[in-house]
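One file, protein12.json, is given below (JSON, C-alpha atoms).
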```json
[["chain", "number", "residue", "atom", "x", "y", "z"],
["A", 1, "MET", "CA", 20.59, -6.46, -8.97],
["A", 2, "SER", "CA", 19.49, -7.63, -5.52],
["A", 3, "VAL", "CA", 16.91, -10.35, -4.97],
["A", 4, "ILE", "CA", 14.74, -7.93, -2.99],
["A", 5, "LYS", "CA", 14.77, -5.39, -5.83],
["A", 6, "ILE", "CA", 13.81, -8.07, -8.38],
["A", 7, "ALA", "CA", 11.01, -9.31, -6.11],
["A", 8, "TRP", "CA", 9.75, -5.73, -5.62],
["A", 9, "GLN", "CA", 9.82, -5.04, -9.36],
["A", 10, "ALA", "CA", 7.89, -8.26, -9.93],
["A", 11, "LEU", "CA", 5.25, -7.19, -7.39],
["A", 12, "VAL", "CA", 4.93, -3.76, -9.02],
["A", 13, "ALA", "CA", 4.57, -5.37, -12.46],
["A", 14, "LEU", "CA", 1.97, -7.84, -11.18],
["A", 15, "GLU", "CA", 0.05, -4.99, -9.58],
["A", 16, "ALA", "CA", -0.05, -3.11, -12.88],
["A", 17, "ASN", "CA", -0.82, -6.17, -15.04],
["A", 18, "PRO", "CA", -2.33, -9.02, -13.00],
["A", 19, "ALA", "CA", -1.21, -12.45, -14.19],
["A", 20, "PRO", "CA", -0.75, -15.91, -12.68],
["A", 21, "THR", "CA", 2.27, -15.63, -10.43],
["A", 22, "ASP", "CA", 3.96, -18.84, -11.55],
["A", 23, "HIS", "CA", 3.74, -17.93, -15.26],
["A", 24, "PHE", "CA", 4.95, -14.41, -14.58],
["A", 25, "LEU", "CA", 7.93, -15.64, -12.56],
["A", 26, "ASP", "CA", 8.81, -18.21, -15.24],
["A", 27, "GLN", "CA", 8.97, -15.41, -17.81],
["A", 28, "LEU", "CA", 10.97, -13.23, -15.44],
["A", 29, "PHE", "CA", 13.50, -15.98, -14.79],
["A", 30, "SER", "CA", 13.82, -16.80, -18.48],
["A", 31, "HIS", "CA", 14.69, -13.13, -19.15],
["A", 32, "GLN", "CA", 17.24, -13.16, -16.31],
["A", 33, "GLY", "CA", 18.96, -16.19, -17.84],
["A", 34, "SER", "CA", 21.75, -17.77, -15.85],
["A", 35, "ALA", "CA", 22.51, -14.50, -14.06],
["A", 36, "LEU", "CA", 20.30, -15.61, -11.20],
["A", 37, "ALA", "CA", 21.33, -18.57, -9.05],
["A", 38, "PRO", "CA", 18.75, -21.23, -8.11],
["A", 39, "GLN", "CA", 18.78, -19.95, -4.52],
["A", 40, "GLY", "CA", 17.97, -16.45, -5.78],
["A", 41, "ARG", "CA", 15.10, -17.78, -7.88],
["A", 42, "ALA", "CA", 13.75, -19.70, -4.90],
["A", 43, "ARG", "CA", 13.97, -16.63, -2.66],
["A", 44, "ILE", "CA", 12.26, -14.40, -5.23],
["A", 45, "THR", "CA", 9.50, -16.98, -5.68],
["A", 46, "ASN", "CA", 9.01, -17.19, -1.93],
["A", 47, "LEU", "CA", 8.95, -13.41, -1.50],
["A", 48, "VAL", "CA", 6.56, -12.74, -4.39],
["A", 49, "ALA", "CA", 4.18, -15.63, -3.70],
["A", 50, "GLY", "CA", 4.16, -15.00, 0.05],
["A", 51, "THR", "CA", 3.57, -11.28, -0.33],
["A", 52, "ILE", "CA", 0.68, -11.94, -2.70],
["A", 53, "LYS", "CA", -0.78, -14.63, -0.44],
["A", 54, "TRP", "CA", -0.75, -12.36, 2.61],
["A", 55, "ARG", "CA", -1.56, -9.16, 0.71],
["A", 56, "ARG", "CA", -4.77, -8.27, 2.51],
["A", 57, "ARG", "CA", -3.27, -8.75, 5.94],
["A", 58, "LEU", "CA", -0.21, -6.70, 4.95],
["A", 59, "ASP", "CA", -2.42, -3.94, 3.50],
["A", 60, "TRP", "CA", -4.42, -3.89, 6.73],
["A", 61, "ILE", "CA", -1.21, -3.44, 8.72],
["A", 62, "ILE", "CA", -0.06, -0.65, 6.39],
["A", 63, "ASP", "CA", -3.43, 1.09, 6.71],
["A", 64, "GLN", "CA", -3.31, 0.82, 10.51],
["A", 65, "LEU", "CA", 0.20, 2.24, 10.74],
["A", 66, "ALA", "CA", -0.23, 4.89, 8.04],
["A", 67, "SER", "CA", -3.55, 6.20, 9.36],
["A", 68, "ARG", "CA", -2.48, 9.84, 8.95],
["A", 69, "THR", "CA", -1.68, 9.34, 5.28],
["A", 70, "LYS", "CA", -4.72, 9.27, 3.01],
["A", 71, "LYS", "CA", -3.23, 7.19, 0.21],
["A", 72, "VAL", "CA", 0.05, 5.34, -0.06],
["A", 73, "ASP", "CA", 1.68, 5.34, -3.51],
["A", 74, "PRO", "CA", 1.28, 1.88, -5.15],
["A", 75, "LYS", "CA", 5.06, 1.44, -5.58],
["A", 76, "VAL", "CA", 5.67, 2.35, -1.95],
["A", 77, "ARG", "CA", 2.80, 0.08, -0.85],
["A", 78, "SER", "CA", 4.34, -2.85, -2.77],
["A", 79, "LEU", "CA", 7.69, -2.17, -1.14],
["A", 80, "LEU", "CA", 6.09, -2.01, 2.31],
["A", 81, "ARG", "CA", 4.17, -5.25, 1.68],
["A", 82, "LEU", "CA", 7.41, -6.98, 0.74],
["A", 83, "ALA", "CA", 9.23, -5.72, 3.83],
["A", 84, "LEU", "CA", 6.32, -6.51, 6.17],
["A", 85, "TYR", "CA", 6.06, -10.00, 4.72],
["A", 86, "GLN", "CA", 9.73, -10.57, 5.55],
["A", 87, "LEU", "CA", 9.35, -9.11, 9.04],
["A", 88, "GLU", "CA", 6.11, -10.92, 9.81],
["A", 89, "PHE", "CA", 6.60, -14.35, 8.25],
["A", 90, "LEU", "CA", 10.28, -14.99, 7.45],
["A", 91, "SER", "CA", 13.01, -15.48, 9.99],
["A", 92, "GLY", "CA", 16.16, -15.76, 7.87],
["A", 93, "THR", "CA", 17.05, -12.08, 7.70],
["A", 94, "PRO", "CA", 17.55, -9.83, 10.75],
["A", 95, "ASN", "CA", 14.91, -7.12, 11.16],
["A", 96, "TYR", "CA", 17.45, -4.29, 10.93],
["A", 97, "ALA", "CA", 18.71, -5.65, 7.59],
["A", 98, "VAL", "CA", 15.18, -5.83, 6.17],
["A", 99, "VAL", "CA", 14.47, -2.23, 7.23],
["A", 100, "SER", "CA", 17.83, -0.97, 5.97],
["A", 101, "GLU", "CA", 17.56, -2.65, 2.57],
["A", 102, "THR", "CA", 13.96, -1.49, 2.15],
["A", 103, "VAL", "CA", 14.85, 2.10, 3.02],
["A", 104, "GLN", "CA", 17.80, 2.05, 0.58],
["A", 105, "LEU", "CA", 15.52, 0.72, -2.15],
["A", 106, "ALA", "CA", 12.90, 3.37, -1.34],
["A", 107, "LYS", "CA", 15.55, 6.07, -1.48],
["A", 108, "ALA", "CA", 16.63, 4.96, -4.96],
["A", 109, "ALA", "CA", 13.20, 4.13, -6.40],
["A", 110, "THR", "CA", 10.85, 6.62, -4.74],
["A", 111, "PRO", "CA", 12.89, 9.64, -3.58],
["A", 112, "GLY", "CA", 11.38, 11.52, -0.69],
["A", 113, "ARG", "CA", 9.43, 8.55, 0.66],
["A", 114, "GLU", "CA", 12.28, 6.80, 2.45],
["A", 115, "GLY", "CA", 11.47, 8.56, 5.74],
["A", 116, "PHE", "CA", 7.87, 7.36, 5.58],
["A", 117, "VAL", "CA", 9.00, 3.79, 4.79],
["A", 118, "ASN", "CA", 11.55, 3.81, 7.61],
["A", 119, "GLY", "CA", 9.06, 5.23, 10.10],
["A", 120, "LEU", "CA", 6.30, 2.77, 9.23],
["A", 121, "LEU", "CA", 8.57, -0.28, 9.43],
["A", 122, "ARG", "CA", 10.15, 0.81, 12.70],
["A", 123, "THR", "CA", 6.70, 1.53, 14.14],
["A", 124, "PHE", "CA", 5.64, -1.98, 13.13],
["A", 125, "LEU", "CA", 8.65, -3.49, 14.89],
["A", 126, "ARG", "CA", 8.10, -1.33, 17.98],
["A", 127, "THR", "CA", 4.34, -1.88, 18.14],
["A", 128, "GLY", "CA", 4.20, -5.63, 17.63],
["A", 129, "GLN", "CA", 1.30, -7.87, 16.63],
["A", 130, "GLU", "CA", -0.33, -7.94, 20.05],
["A", 131, "THR", "CA", -0.95, -4.19, 20.00],
["A", 132, "LEU", "CA", -1.98, -4.04, 16.33],
["A", 133, "PHE", "CA", -4.50, -6.88, 16.65],
["A", 134, "ALA", "CA", -5.65, -6.10, 20.21],
["A", 135, "GLY", "CA", -8.97, -4.51, 19.21],
["A", 136, "LEU", "CA", -10.03, -7.30, 16.87],
["A", 137, "THR", "CA", -12.63, -9.79, 18.04],
["A", 138, "GLY", "CA", -11.85, -12.48, 15.44],
["A", 139, "LYS", "CA", -8.61, -14.01, 14.30],
["A", 140, "PRO", "CA", -6.88, -11.79, 11.72],
["A", 141, "VAL", "CA", -5.14, -14.74, 10.06],
["A", 142, "GLY", "CA", -8.07, -16.98, 9.34],
["A", 143, "PHE", "CA", -10.92, -18.90, 10.83],
["A", 144, "PHE", "CA", -12.71, -22.23, 10.79],
["A", 145, "VAL", "CA", -16.36, -22.64, 9.92],
["A", 146, "GLU", "CA", -18.10, -25.44, 11.79],
["A", 147, "GLY", "CA", -21.25, -27.02, 10.43],
["A", 148, "SER", "CA", -22.66, -29.40, 7.90],
["A", 149, "VAL", "CA", -21.28, -30.13, 4.44],
["A", 150, "ALA", "CA", -23.85, -27.82, 2.85],
["A", 151, "ASP", "CA", -23.07, -25.00, 5.28],
["A", 152, "ALA", "CA", -19.33, -25.33, 4.75],
["A", 153, "SER", "CA", -19.70, -25.52, 0.99],
["A", 154, "SER", "CA", -21.96, -22.47, 0.80],
["A", 155, "LYS", "CA", -19.69, -20.48, 3.11],
["A", 156, "CYS", "CA", -16.68, -21.39, 0.96],
["A", 157, "GLN", "CA", -18.57, -20.34, -2.15],
["A", 158, "ASP", "CA", -19.38, -17.02, -0.51],
["A", 159, "MET", "CA", -15.79, -16.55, 0.70],
["A", 160, "ARG", "CA", -14.40, -17.38, -2.74],
["A", 161, "ARG", "CA", -16.47, -14.63, -4.30],
["A", 162, "HIS", "CA", -14.98, -12.09, -1.91],
["A", 163, "THR", "CA", -11.43, -13.37, -1.80],
["A", 164, "ASP", "CA", -8.58, -14.61, -3.91],
["A", 165, "ILE", "CA", -9.21, -18.33, -3.43],
["A", 166, "SER", "CA", -8.81, -19.85, -6.86],
["A", 167, "GLU", "CA", -11.07, -22.35, -8.59],
["A", 168, "ARG", "CA", -8.36, -24.99, -8.23],
["A", 169, "SER", "CA", -8.29, -24.73, -4.43],
["A", 170, "LEU", "CA", -12.06, -24.65, -3.91],
["A", 171, "PRO", "CA", -12.57, -28.46, -4.20],
["A", 172, "ARG", "CA", -10.08, -28.88, -1.35],
["A", 173, "PHE", "CA", -12.43, -26.90, 0.87],
["A", 174, "ARG", "CA", -15.53, -28.81, -0.23],
["A", 175, "SER", "CA", -13.91, -32.15, 0.57],
["A", 176, "LYS", "CA", -13.73, -31.39, 4.30],
["A", 177, "PRO", "CA", -17.22, -32.05, 5.65],
["A", 178, "CYS", "CA", -17.02, -30.33, 9.03],
["A", 179, "ARG", "CA", -14.64, -27.48, 8.52],
["A", 180, "CYS", "CA", -13.58, -24.98, 5.96],
["A", 181, "GLU", "CA", -10.19, -23.38, 6.29],
["A", 182, "TRP", "CA", -9.56, -19.95, 5.02],
["A", 183, "MET", "CA", -6.22, -18.32, 5.70],
["A", 184, "ALA", "CA", -5.03, -14.77, 5.67],
["A", 185, "LEU", "CA", -8.31, -13.22, 4.69],
["A", 186, "ASN", "CA", -7.56, -14.63, 1.23]]
```
Please express what this file holds, its structure, as structure tokens.
Amino acid sequence: MSVIKIAWQALVALEANPAPTDHFLDQLFSHQGSALAPQGRARITNLVAGTIKWRRRLDWIIDQLASRTKKVDPKVRSLLRLALYQLEFLSGTPNYAVVSETVQLAKAATPGREGFVNGLLRTFLRTGQETLFAGLTGKPVGFFVEGSVADASSKCQDMRRHTDISERSLPRFRSKPCRCEWMALN
């Protein structure tokens, strides 16, 4: 089984039953046994964790490019997130290989949707970030909040309520008196 397929199945399972990513991947790897090389485990971890981290940005891109489609099937959406994460943030695999492998996986896993997947990914590659993000006034990948300690702390508290920032990472934001980083709309 390919690393991409395992990563996609992990994303689908996490979507259906949310769990801490590291615990879920530990269980997944223990079930795989020695069939998966350390490099494969590292790649799966990178793909799953990165796709989850950038999920909102990837969903926004999917929604922009699939504007004629009312609702994208959750399995297809997970597959598109995974492919867009690779295209947007990773440089190790050529774009054509990412698109080809994703379309082959879509053909096997969600028959009839491979044309949609191919079209959306090729449109993304053709369009580029500059065109997608041209109408936005703020930065789509994050922002900095300037101000006092109290302002930064309260803004982080507010952001945490509306995002996926965990309790463990919140103290890191409070410790910076003049700025609060928040990446990827997460």
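Among the candidate residues A:Leu105, A:Leu58, A:Leu82, A:Val99, the one lying nearest to Gly119 in chain A is A:Val99, with distances computed using all atoms listed in the file.
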Students should find that CA of Thr21 in chain A and CA of Ala49 in chain A are spaced 7.0 Å
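Closest approach to Asp22 in chain A among A:Ile52, A:Ser78, A:Thr110, A:Glu101: A:Ile52, based on all atoms listed in the file.
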Set the distance at 10 Å and use all atoms listed in the file: which residues neighbour Arg43 in chain A once local chain neighbours fewer than 6 positions away are removed? I'd like the list as a PDB file with C-alpha atoms, in the frame of the given file.
```pdb
ATOM      1  CA  VAL A   3      16.910 -10.350  -4.970  1.00  0.00           C
ATOM      2  CA  ILE A   4      14.740  -7.930  -2.990  1.00  0.00           C
ATOM      3  CA  ALA A   7      11.010  -9.310  -6.110  1.00  0.00           C
ATOM      4  CA  ALA A  37      21.330 -18.570  -9.050  1.00  0.00           C
ATOM      5  CA  ALA A  49       4.180 -15.630  -3.700  1.00  0.00           C
TER       6      ALA A  49
END
```
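Using all atoms listed in the file, the smallest distance between any of A:Gln32, A:Ala108, A:Arg57, A:Val76 and Leu120 in chain A comes from A:Val76.
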Enclose range 58-65 of chain A, meaning all of its atoms listed in the file, in a box aligned along x, y and z, pad it by 6 Å on each side, and list the centre and edge lengths in Å to one decimal, as AutoDock Vina command-line options.
```
--center_x -2.1 --center_y -2.2 --center_z 7.1 --size_x 16.6 --size_y 20.9 --size_z 19.2
```
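The smallest atom-to-atom distance between Thr51 in chain A and any of A:Leu28, A:Val72, A:Ala35, A:Ala83, using all atoms listed in the file, is found for A:Ala83.
Taking CA of Ala42 in chain A and CA of Ala19 in chain A as endpoints, the distance between them is 19.0 Å.
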Would you mind listing what lies within 8 Å of range 62-67 of chain A as a VMD selection string, with all atoms listed in the file counted and same-chain residues fewer than 4 positions away left out?
chain A and resid 58 77 80 to 81 120 123 to 124 132
Contact residues around Tyr96 in chain A with only C-alpha atoms at 10 Å, ignoring same-chain residues under 6 positions, as a PyMOL selection string:
chain A and resi 87+102+121-122+125
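The two atoms in question, CA of Thr131 in chain A and CA of Asp59 in chain A, are spaced 16.6 Å apart.
Proximity to Ile44 in chain A was assessed for A:Ile6, A:Met1, A:Leu79, A:Val12 counting only C-alpha atoms; the smallest distance is recorded for A:Ile6.
Excluding His23 in chain A and any residue on its chain fewer than 4 positions from it, the residues at most 12 Å away by only C-alpha atoms are Ala10, Leu14, Pro18, Ala19, Gln27, Leu28, Phe29, Ser30, Thr45 and Ala49 of chain A.
With distances taken over all atoms listed in the file, A:Lys5 is the one residue among A:Tyr85, A:Pro20, A:Lys5, A:Ile61 lying closest to Gly40 in chain A.
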